[in-house]
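Data file: final23.csv. Format and content: CSV, C-alpha atoms.
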chain,number,residue,atom,x,y,z
A,1,MET,CA,-2.6,-20.2,29.4
A,2,ASP,CA,-2.7,-24.0,29.4
A,3,PHE,CA,-4.2,-25.5,26.2
A,4,THR,CA,-2.9,-29.0,26.6
A,5,ASN,CA,-6.3,-30.5,27.5
A,6,GLN,CA,-8.3,-28.6,24.9
A,7,SER,CA,-9.3,-30.2,21.5
A,8,GLU,CA,-7.9,-28.8,18.3
A,9,VAL,CA,-10.2,-26.5,16.3
A,10,THR,CA,-10.9,-27.4,12.7
A,11,GLU,CA,-13.6,-24.8,12.0
A,12,PHE,CA,-14.6,-21.4,13.3
A,13,ILE,CA,-17.8,-19.5,14.0
A,14,LEU,CA,-17.9,-16.0,12.5
A,15,VAL,CA,-19.9,-13.9,15.0
A,16,GLY,CA,-20.5,-11.1,12.5
A,17,PHE,CA,-22.6,-8.2,13.7
A,18,PRO,CA,-24.8,-8.3,16.8
A,19,ASN,CA,-27.3,-11.1,16.5
A,20,ILE,CA,-30.6,-9.1,16.2
A,21,PRO,CA,-33.1,-11.4,14.2
A,22,GLN,CA,-35.2,-8.4,13.3
A,23,LEU,CA,-32.3,-6.7,11.5
A,24,GLU,CA,-30.8,-9.8,9.8
A,25,MET,CA,-33.0,-9.7,6.7
A,26,LEU,CA,-32.6,-5.9,6.4
A,27,LEU,CA,-28.8,-6.2,6.6
A,28,PHE,CA,-28.8,-9.0,4.1
A,29,PHE,CA,-30.6,-6.9,1.5
A,30,VAL,CA,-28.4,-3.9,2.2
A,31,PHE,CA,-25.2,-5.8,1.8
A,32,ALA,CA,-26.6,-7.7,-1.2
A,33,ALA,CA,-27.5,-4.4,-2.9
A,34,MET,CA,-24.0,-3.0,-2.3
A,35,TYR,CA,-22.4,-6.2,-3.5
A,36,LEU,CA,-24.4,-6.4,-6.7
A,37,TRP,CA,-23.7,-2.7,-7.4
A,38,THR,CA,-20.0,-3.2,-6.9
A,39,ILE,CA,-19.9,-6.3,-9.2
A,40,THR,CA,-22.1,-4.7,-11.9
A,41,ALA,CA,-20.5,-1.3,-12.0
A,42,ASN,CA,-16.9,-2.7,-12.1
A,43,ALA,CA,-17.9,-5.3,-14.8
A,44,ILE,CA,-19.4,-2.5,-16.9
A,45,ILE,CA,-16.2,-0.5,-16.6
A,46,ILE,CA,-14.1,-3.5,-17.7
A,47,LEU,CA,-16.4,-4.2,-20.6
A,48,VAL,CA,-16.6,-0.6,-21.8
A,49,VAL,CA,-12.9,-0.1,-21.6
A,50,ARG,CA,-12.2,-3.3,-23.5
A,51,LEU,CA,-14.7,-2.5,-26.3
A,52,ASP,CA,-13.9,1.2,-26.8
A,53,HIS,CA,-10.5,1.8,-28.3
A,54,HIS,CA,-10.6,5.5,-27.3
A,55,LEU,CA,-10.3,4.3,-23.7
A,56,HIS,CA,-7.2,2.2,-24.4
A,57,THR,CA,-5.0,4.6,-22.4
A,58,PRO,CA,-2.8,4.1,-19.3
A,59,MET,CA,-5.3,5.7,-17.0
A,60,TYR,CA,-8.1,3.3,-18.0
A,61,PHE,CA,-5.8,0.4,-18.0
A,62,PHE,CA,-5.1,0.9,-14.3
A,63,ILE,CA,-8.8,1.6,-13.7
A,64,CYS,CA,-9.6,-1.8,-15.2
A,65,ASN,CA,-7.0,-3.4,-12.9
A,66,LEU,CA,-8.6,-1.6,-10.0
A,67,SER,CA,-12.1,-2.9,-11.1
A,68,VAL,CA,-10.9,-6.5,-11.3
A,69,LEU,CA,-9.3,-6.1,-7.9
A,70,GLU,CA,-12.5,-4.6,-6.4
A,71,ILE,CA,-14.6,-7.5,-7.7
A,72,CYS,CA,-12.2,-10.0,-6.1
A,73,TYR,CA,-11.7,-7.9,-2.9
A,74,THR,CA,-15.4,-7.6,-2.0
A,75,THR,CA,-16.1,-11.3,-3.1
A,76,VAL,CA,-13.6,-12.6,-0.6
A,77,THR,CA,-15.8,-11.4,2.4
A,78,THR,CA,-19.3,-10.2,1.3
A,79,PRO,CA,-20.9,-13.4,0.0
A,80,LYS,CA,-20.0,-15.3,3.3
A,81,LEU,CA,-21.3,-12.3,5.3
A,82,MET,CA,-24.6,-12.4,3.4
A,83,ALA,CA,-24.9,-16.2,3.8
A,84,ASN,CA,-24.4,-15.8,7.6
A,85,PHE,CA,-27.4,-13.5,7.8
A,86,LEU,CA,-29.6,-16.2,6.3
A,87,MET,CA,-28.1,-19.3,8.0
A,88,ARG,CA,-28.1,-20.3,11.6
A,89,SER,CA,-24.8,-22.0,11.2
A,90,LYS,CA,-22.0,-19.4,10.7
A,91,MET,CA,-19.2,-21.9,10.4
A,92,ILE,CA,-16.1,-21.5,8.2
A,93,SER,CA,-13.5,-24.3,8.0
A,94,LEU,CA,-10.0,-23.7,9.3
A,95,TYR,CA,-8.4,-23.8,5.8
A,96,GLY,CA,-11.2,-21.7,4.4
A,97,CYS,CA,-10.5,-19.1,7.1
A,98,ILE,CA,-6.8,-19.1,6.3
A,99,VAL,CA,-7.4,-18.8,2.6
A,100,GLN,CA,-9.8,-15.9,3.2
A,101,PHE,CA,-7.1,-14.2,5.5
A,102,TYR,CA,-4.4,-14.6,2.8
A,103,LEU,CA,-6.6,-13.4,-0.1
A,104,PHE,CA,-8.0,-10.4,1.8
A,105,PHE,CA,-4.7,-9.0,2.8
A,106,SER,CA,-3.0,-9.8,-0.5
A,107,LEU,CA,-5.7,-7.9,-2.4
A,108,GLY,CA,-5.6,-5.1,0.2
A,109,SER,CA,-1.9,-4.8,-0.3
A,110,THR,CA,-2.4,-4.8,-4.1
A,111,GLN,CA,-5.0,-2.0,-3.8
A,112,CYS,CA,-2.6,0.2,-1.9
A,113,LEU,CA,0.0,-0.2,-4.6
A,114,LEU,CA,-2.4,0.3,-7.5
A,115,LEU,CA,-3.8,3.5,-5.9
A,116,ALA,CA,-0.2,4.8,-5.6
A,117,VAL,CA,0.5,3.9,-9.3
A,118,MET,CA,-2.7,5.5,-10.4
A,119,ALA,CA,-1.8,8.7,-8.5
A,120,PHE,CA,1.6,8.8,-10.1
A,121,ASP,CA,0.0,8.3,-13.5
A,122,ARG,CA,-2.2,11.3,-12.9
A,123,TYR,CA,0.8,13.3,-11.6
A,124,LEU,CA,2.7,12.7,-14.9
A,125,ALA,CA,-0.4,13.5,-17.0
A,126,ILE,CA,-1.1,16.8,-15.3
A,127,CYS,CA,2.3,18.0,-14.1
A,128,ASN,CA,4.5,16.6,-16.9
A,129,PRO,CA,2.3,16.2,-19.9
A,130,LEU,CA,5.2,16.4,-22.4
A,131,ARG,CA,6.9,13.4,-20.9
A,132,TYR,CA,3.8,11.4,-20.3
A,133,ASN,CA,3.7,9.3,-23.5
A,134,ALA,CA,7.4,8.7,-23.3
A,135,VAL,CA,7.2,7.4,-19.7
A,136,MET,CA,3.8,5.7,-19.5
A,137,THR,CA,4.3,3.2,-22.4
A,138,GLN,CA,2.3,0.0,-22.7
A,139,ARG,CA,5.3,-2.0,-21.4
A,140,THR,CA,5.7,0.4,-18.4
A,141,CYS,CA,2.0,0.1,-17.5
A,142,THR,CA,2.0,-3.7,-17.8
A,143,TRP,CA,5.1,-4.0,-15.5
A,144,ALA,CA,3.6,-1.5,-13.0
A,145,ALA,CA,0.4,-3.5,-12.8
A,146,PHE,CA,2.2,-6.8,-12.7
A,147,CYS,CA,4.5,-5.6,-9.9
A,148,SER,CA,1.5,-4.3,-7.9
A,149,TRP,CA,-0.3,-7.6,-8.1
A,150,GLY,CA,2.8,-9.7,-7.6
A,151,THR,CA,4.1,-7.7,-4.7
A,152,GLY,CA,0.7,-7.8,-3.0
A,153,PHE,CA,0.4,-11.6,-3.2
A,154,LEU,CA,4.1,-12.4,-2.5
A,155,THR,CA,4.2,-10.1,0.5
A,156,MET,CA,1.5,-12.0,2.3
A,157,LEU,CA,2.8,-15.4,1.3
A,158,VAL,CA,5.1,-15.7,4.4
A,159,PRO,CA,2.4,-14.6,6.9
A,160,GLY,CA,-0.1,-16.9,5.2
A,161,VAL,CA,2.3,-19.9,5.5
A,162,LEU,CA,3.1,-19.1,9.1
A,163,VAL,CA,-0.7,-18.9,10.0
A,164,LEU,CA,-1.1,-22.2,8.2
A,165,HIS,CA,1.3,-23.9,10.6
A,166,LEU,CA,-0.4,-22.6,13.7
A,167,SER,CA,-2.5,-24.8,16.0
A,168,PHE,CA,-5.9,-23.5,17.1
A,169,CYS,CA,-7.7,-24.8,20.2
A,170,GLY,CA,-10.1,-23.6,22.9
A,171,SER,CA,-12.8,-21.3,21.7
A,172,ASN,CA,-13.6,-21.4,18.0
A,173,THR,CA,-15.5,-18.1,17.9
A,174,ILE,CA,-14.1,-15.3,15.8
A,175,ASN,CA,-15.5,-11.9,16.8
A,176,HIS,CA,-15.7,-10.5,13.2
A,177,PHE,CA,-17.6,-11.0,9.9
A,178,PHE,CA,-14.4,-12.4,8.2
A,179,CYS,CA,-11.1,-13.9,9.2
A,180,ASP,CA,-9.2,-10.8,10.1
A,181,ALA,CA,-5.7,-11.1,11.5
A,182,ASP,CA,-6.1,-10.1,15.1
A,183,PRO,CA,-9.3,-12.1,16.0
A,184,LEU,CA,-7.9,-15.1,14.1
A,185,LEU,CA,-4.5,-15.1,15.9
A,186,LYS,CA,-6.2,-14.8,19.3
A,187,ARG,CA,-7.7,-18.2,18.7
A,188,SER,CA,-4.2,-19.8,18.3
A,189,CYS,CA,-2.8,-21.9,21.1
A,190,THR,CA,0.8,-21.5,19.8
A,191,GLU,CA,3.0,-18.5,19.9
A,192,THR,CA,1.9,-15.8,17.4
A,193,ARG,CA,4.3,-12.9,18.3
A,194,LEU,CA,6.4,-13.4,15.1
A,195,ILE,CA,3.4,-13.2,12.9
A,196,GLU,CA,2.0,-10.2,14.7
A,197,VAL,CA,5.3,-8.3,14.3
A,198,LEU,CA,5.7,-9.3,10.7
A,199,ASN,CA,2.1,-8.3,9.8
A,200,PHE,CA,2.7,-4.9,11.5
A,201,ILE,CA,6.0,-4.3,9.7
A,202,LEU,CA,4.5,-5.3,6.3
A,203,ALA,CA,1.5,-3.1,6.9
A,204,LEU,CA,3.7,-0.2,7.9
A,205,ILE,CA,5.9,-0.5,4.8
A,206,ILE,CA,3.2,-1.1,2.2
A,207,VAL,CA,0.5,1.2,3.6
A,208,LEU,CA,2.7,4.1,4.5
A,209,SER,CA,4.9,4.0,1.4
A,210,SER,CA,2.0,3.8,-1.0
A,211,PHE,CA,0.1,6.5,1.0
A,212,THR,CA,3.1,8.8,1.0
A,213,LEU,CA,3.5,8.4,-2.8
A,214,THR,CA,-0.2,8.9,-3.4
A,215,MET,CA,-0.4,12.0,-1.2
A,216,VAL,CA,2.8,13.6,-2.7
A,217,SER,CA,1.4,13.0,-6.2
A,218,TYR,CA,-1.9,14.7,-5.3
A,219,ILE,CA,-0.2,17.6,-3.6
A,220,TYR,CA,1.7,18.3,-6.9
A,221,ILE,CA,-1.5,17.7,-8.9
A,222,ILE,CA,-3.5,20.2,-6.8
A,223,SER,CA,-0.6,22.7,-6.9
A,224,THR,CA,-0.5,22.5,-10.7
A,225,VAL,CA,-4.3,22.7,-11.0
A,226,MET,CA,-4.4,25.8,-8.9
A,227,LYS,CA,-2.2,27.5,-11.4
A,228,ILE,CA,-4.7,26.9,-14.3
A,229,PRO,CA,-5.8,30.4,-15.3
A,230,ARG,CA,-9.3,29.7,-16.4
A,231,SER,CA,-11.5,29.2,-13.3
A,232,ARG,CA,-13.9,26.8,-15.1
A,233,GLY,CA,-11.1,24.4,-16.1
A,234,ARG,CA,-9.6,24.7,-12.6
A,235,GLY,CA,-12.9,23.9,-11.0
A,236,LYS,CA,-13.5,20.8,-13.1
A,237,ALA,CA,-10.0,19.5,-12.6
A,238,PHE,CA,-10.1,20.2,-8.8
A,239,SER,CA,-13.5,18.5,-8.5
A,240,THR,CA,-12.0,15.3,-10.1
A,241,CYS,CA,-8.9,15.4,-7.9
A,242,SER,CA,-10.9,16.0,-4.7
A,243,SER,CA,-13.2,13.1,-5.5
A,244,HIS,CA,-10.3,10.8,-6.0
A,245,LEU,CA,-8.6,12.1,-2.9
A,246,THR,CA,-11.8,11.5,-0.8
A,247,ILE,CA,-11.8,7.8,-1.7
A,248,VAL,CA,-8.0,7.6,-1.0
A,249,VAL,CA,-8.4,9.3,2.4
A,250,ILE,CA,-11.4,7.0,3.4
A,251,PHE,CA,-9.5,3.9,2.4
A,252,TYR,CA,-6.2,4.7,4.0
A,253,THR,CA,-7.5,6.2,7.3
A,254,THR,CA,-9.6,3.2,8.0
A,255,VAL,CA,-6.8,0.8,7.0
A,256,MET,CA,-4.3,2.7,9.2
A,257,PHE,CA,-6.8,2.7,12.1
A,258,MET,CA,-7.1,-1.1,11.9
A,259,TYR,CA,-3.5,-2.2,11.2
A,260,ILE,CA,-1.0,0.6,12.0
A,261,ARG,CA,-1.6,1.2,15.7
A,262,PRO,CA,-0.7,-0.3,19.0
A,263,ARG,CA,-2.5,-3.5,19.8
A,264,ALA,CA,-5.9,-2.6,21.2
A,265,ARG,CA,-9.0,-4.5,22.5
A,266,TYR,CA,-11.1,-5.7,19.6
A,267,SER,CA,-14.6,-4.3,19.6
A,268,ASP,CA,-17.7,-4.0,17.4
A,269,MET,CA,-16.3,-0.6,16.2
A,270,ASN,CA,-13.5,-2.5,14.4
A,271,LYS,CA,-16.2,-4.3,12.4
A,272,VAL,CA,-17.8,-1.1,11.4
A,273,VAL,CA,-14.5,0.4,10.3
A,274,SER,CA,-13.7,-2.8,8.4
A,275,VAL,CA,-17.0,-2.3,6.4
A,276,PHE,CA,-15.6,1.0,5.0
A,277,TYR,CA,-12.5,-0.4,3.4
A,278,SER,CA,-13.8,-3.8,2.5
A,279,VAL,CA,-17.4,-2.9,1.2
A,280,VAL,CA,-17.9,0.8,1.0
A,281,THR,CA,-14.7,1.7,-0.9
A,282,PRO,CA,-15.2,-0.9,-3.6
A,283,LEU,CA,-18.8,0.4,-3.9
A,284,LEU,CA,-17.7,4.0,-4.4
A,285,ASN,CA,-14.6,3.5,-6.6
A,286,PRO,CA,-16.4,2.9,-9.9
A,287,PHE,CA,-18.5,6.0,-9.5
A,288,ILE,CA,-15.7,8.2,-8.3
A,289,TYR,CA,-13.0,7.1,-10.7
A,290,THR,CA,-15.0,6.3,-13.9
A,291,LEU,CA,-18.8,6.4,-14.2
A,292,ARG,CA,-18.9,10.2,-13.8
A,293,ASN,CA,-16.3,10.6,-16.5
A,294,LYS,CA,-17.6,12.1,-19.8
A,295,ASP,CA,-15.6,9.7,-22.0
A,296,VAL,CA,-16.9,6.7,-20.2
A,297,LYS,CA,-20.5,8.0,-20.4
A,298,GLU,CA,-20.1,8.4,-24.1
A,299,ALA,CA,-18.6,5.0,-24.5
A,300,ILE,CA,-21.6,3.4,-22.6
A,301,ASN,CA,-24.1,5.4,-24.7
A,302,LYS,CA,-22.4,4.1,-27.9
A,303,LEU,CA,-22.5,0.6,-26.6
A,304,VAL,CA,-26.2,0.9,-25.7
A,305,ARG,CA,-27.0,2.4,-29.1
A,306,TYR,CA,-25.1,-0.4,-30.8
A,307,ASP,CA,-27.0,-3.0,-28.9
A,308,THR,CA,-30.3,-1.3,-29.7
A,309,PHE,CA,-29.4,-1.2,-33.4
A,310,CYS,CA,-28.5,-4.9,-33.4
A,311,GLN,CA,-31.7,-5.7,-31.7
A,312,ASN,CA,-33.8,-3.7,-34.2
A,313,LEU,CA,-32.0,-5.2,-37.1
A,314,TYR,CA,-32.6,-8.7,-35.7
A,315,GLU,CA,-36.3,-8.0,-35.2
A,316,LYS,CA,-36.7,-6.7,-38.8
A,317,ARG,CA,-35.1,-9.9,-40.2
A,318,GLN,CA,-37.5,-11.9,-38.2

Please lay out the structure from this file as structure tokens.
Amino acid sequence: MDFTNQSEVTEFILVGFPNIPQLEMLLFFVFAAMYLWTITANAIIILVVRLDHHLHTPMYFFICNLSVLEICYTTVTTPKLMANFLMRSKMISLYGCIVQFYLFFSLGSTQCLLLAVMAFDRYLAICNPLRYNAVMTQRTCTWAAFCSWGTGFLTMLVPGVLVLHLSFCGSNTINHFFCDADPLLKRSCTETRLIEVLNFILALIIVLSSFTLTMVSYIYIISTVMKIPRSRGRGKAFSTCSSHLTIVVIFYTTVMFMYIRPRARYSDMNKVVSVFYSVVTPLLNPFIYTLRNKDVKEAINKLVRYDTFCQNLYEKRQ
């Protein structure tokens, strides 16, 4: 295709979902509610774990990391999506689009690695409890979290720089609600084959390796849980594992559908699938991993009682 006579693009239009004016306000409030819940629930988890020393364990350390990641992950895309429901102009600058692309995939890669580390942590706690404290030391946990974050952001650095050096011309319309890789690269008037192959290889390595480690860990966990003699204890443990596994399956199946498959025609179905791993999974993670947990509920109740006590004491002094 000849782009020589076409002007260079400096900003894009994010099409988002089908433009139905009657539904825009409804969708705005739906996504706003999900976003506020995600931010609030994850912030509560971080606060409670920080304040309650009983929760200063490897499991809650990694859950805090996941909560920080979920806040960042959903913030990369959802506020812009909500703004587009309210504004006629759905523009995003070229550099803003590239930054969104880099952050979204860096955080997504980090999430894959953190889920694998968390699954391995639970494997050690359930299948090798005698070795757990010796292996999962504070230093080990810190390095595991640091490597997850560092690997996620460093891995996407090369694709991000390559995208930064692309030229974009012709149509400036991106058929998505954020700057996803495939619709963004389609707007380039320079060769993108190298970036596409690199993105596919990186996705293959990070997603499949972390998914394999996560699933193997859960297979061992479920096998060990099934050997628990008391049916009540087995049911409780199995319920927790199955909840975690449900989130893992939702996240990985949608990510694999989007990024580990032969190149296919982009459609509105891709946007719906993207909602699951970019909005729904961060929404469910706090509830599945933490807020149903008895220890966390007790920590929240203690925090509420302490705040009530401080308020009553203040009122009496007044």

> Of the residues A:Val249, A:Gln138, A:Leu86, A:Val163, which is the one nearest to A:Cys179, using only C-alpha atoms?
Replying inline: A:Val163

> Near A:Phe177, counting only C-alpha atoms, which residues have an atom at most 8 Å away, once you skip same-chain residues fewer than 3 positions from it, shown as number ranges by chain?
Replying inline: A: 14-17, 77, 81, 271

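For A:Phe251, the set of protein, DNA and RNA residues having any atom at most 9 Å away, when counting only C-alpha atoms and skipping those fewer than 6 positions along the same chain, is A:Cys112, A:Phe276, A:Tyr277, A:Ser278, A:Thr281.
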
> Which polymer residues have any atom within 12 Å of an atom of stretch 34-40 of chain A, counting only C-alpha atoms, with same-chain residues fewer than 6 positions away left out, as a ChimeraX atom specification?
Replying inline: /A:27-28,46-47,66-82,275-276,278-287,291

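For the pair atom CA of A:Thr290 and atom CA of A:Phe61, the separation is 11.7 Å.
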
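For the atom pair formed by atom CA of A:Ile201 and atom CA of A:Ser217, the distance is 23.9 Å, given to one decimal.
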
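Atom CA of A:Thr151 sits 19.3 Å away from atom CA of A:Ile260.
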
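Considering all atoms listed in the file, the residue among A:Phe85, A:Ile63, A:Asp52, A:Thr212 positioned nearest to A:Gln22 is A:Phe85.
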
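Shortest atom-to-atom contact with A:Phe168 among A:Glu196, A:Leu55, A:Ile98, A:Val225: A:Ile98, counting only C-alpha atoms.
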
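Ranking A:Met25, A:Met156, A:Ile221, A:Met226 by their shortest atom-to-atom distance to A:Asn199, with all atoms listed in the file included, puts A:Met156 first.
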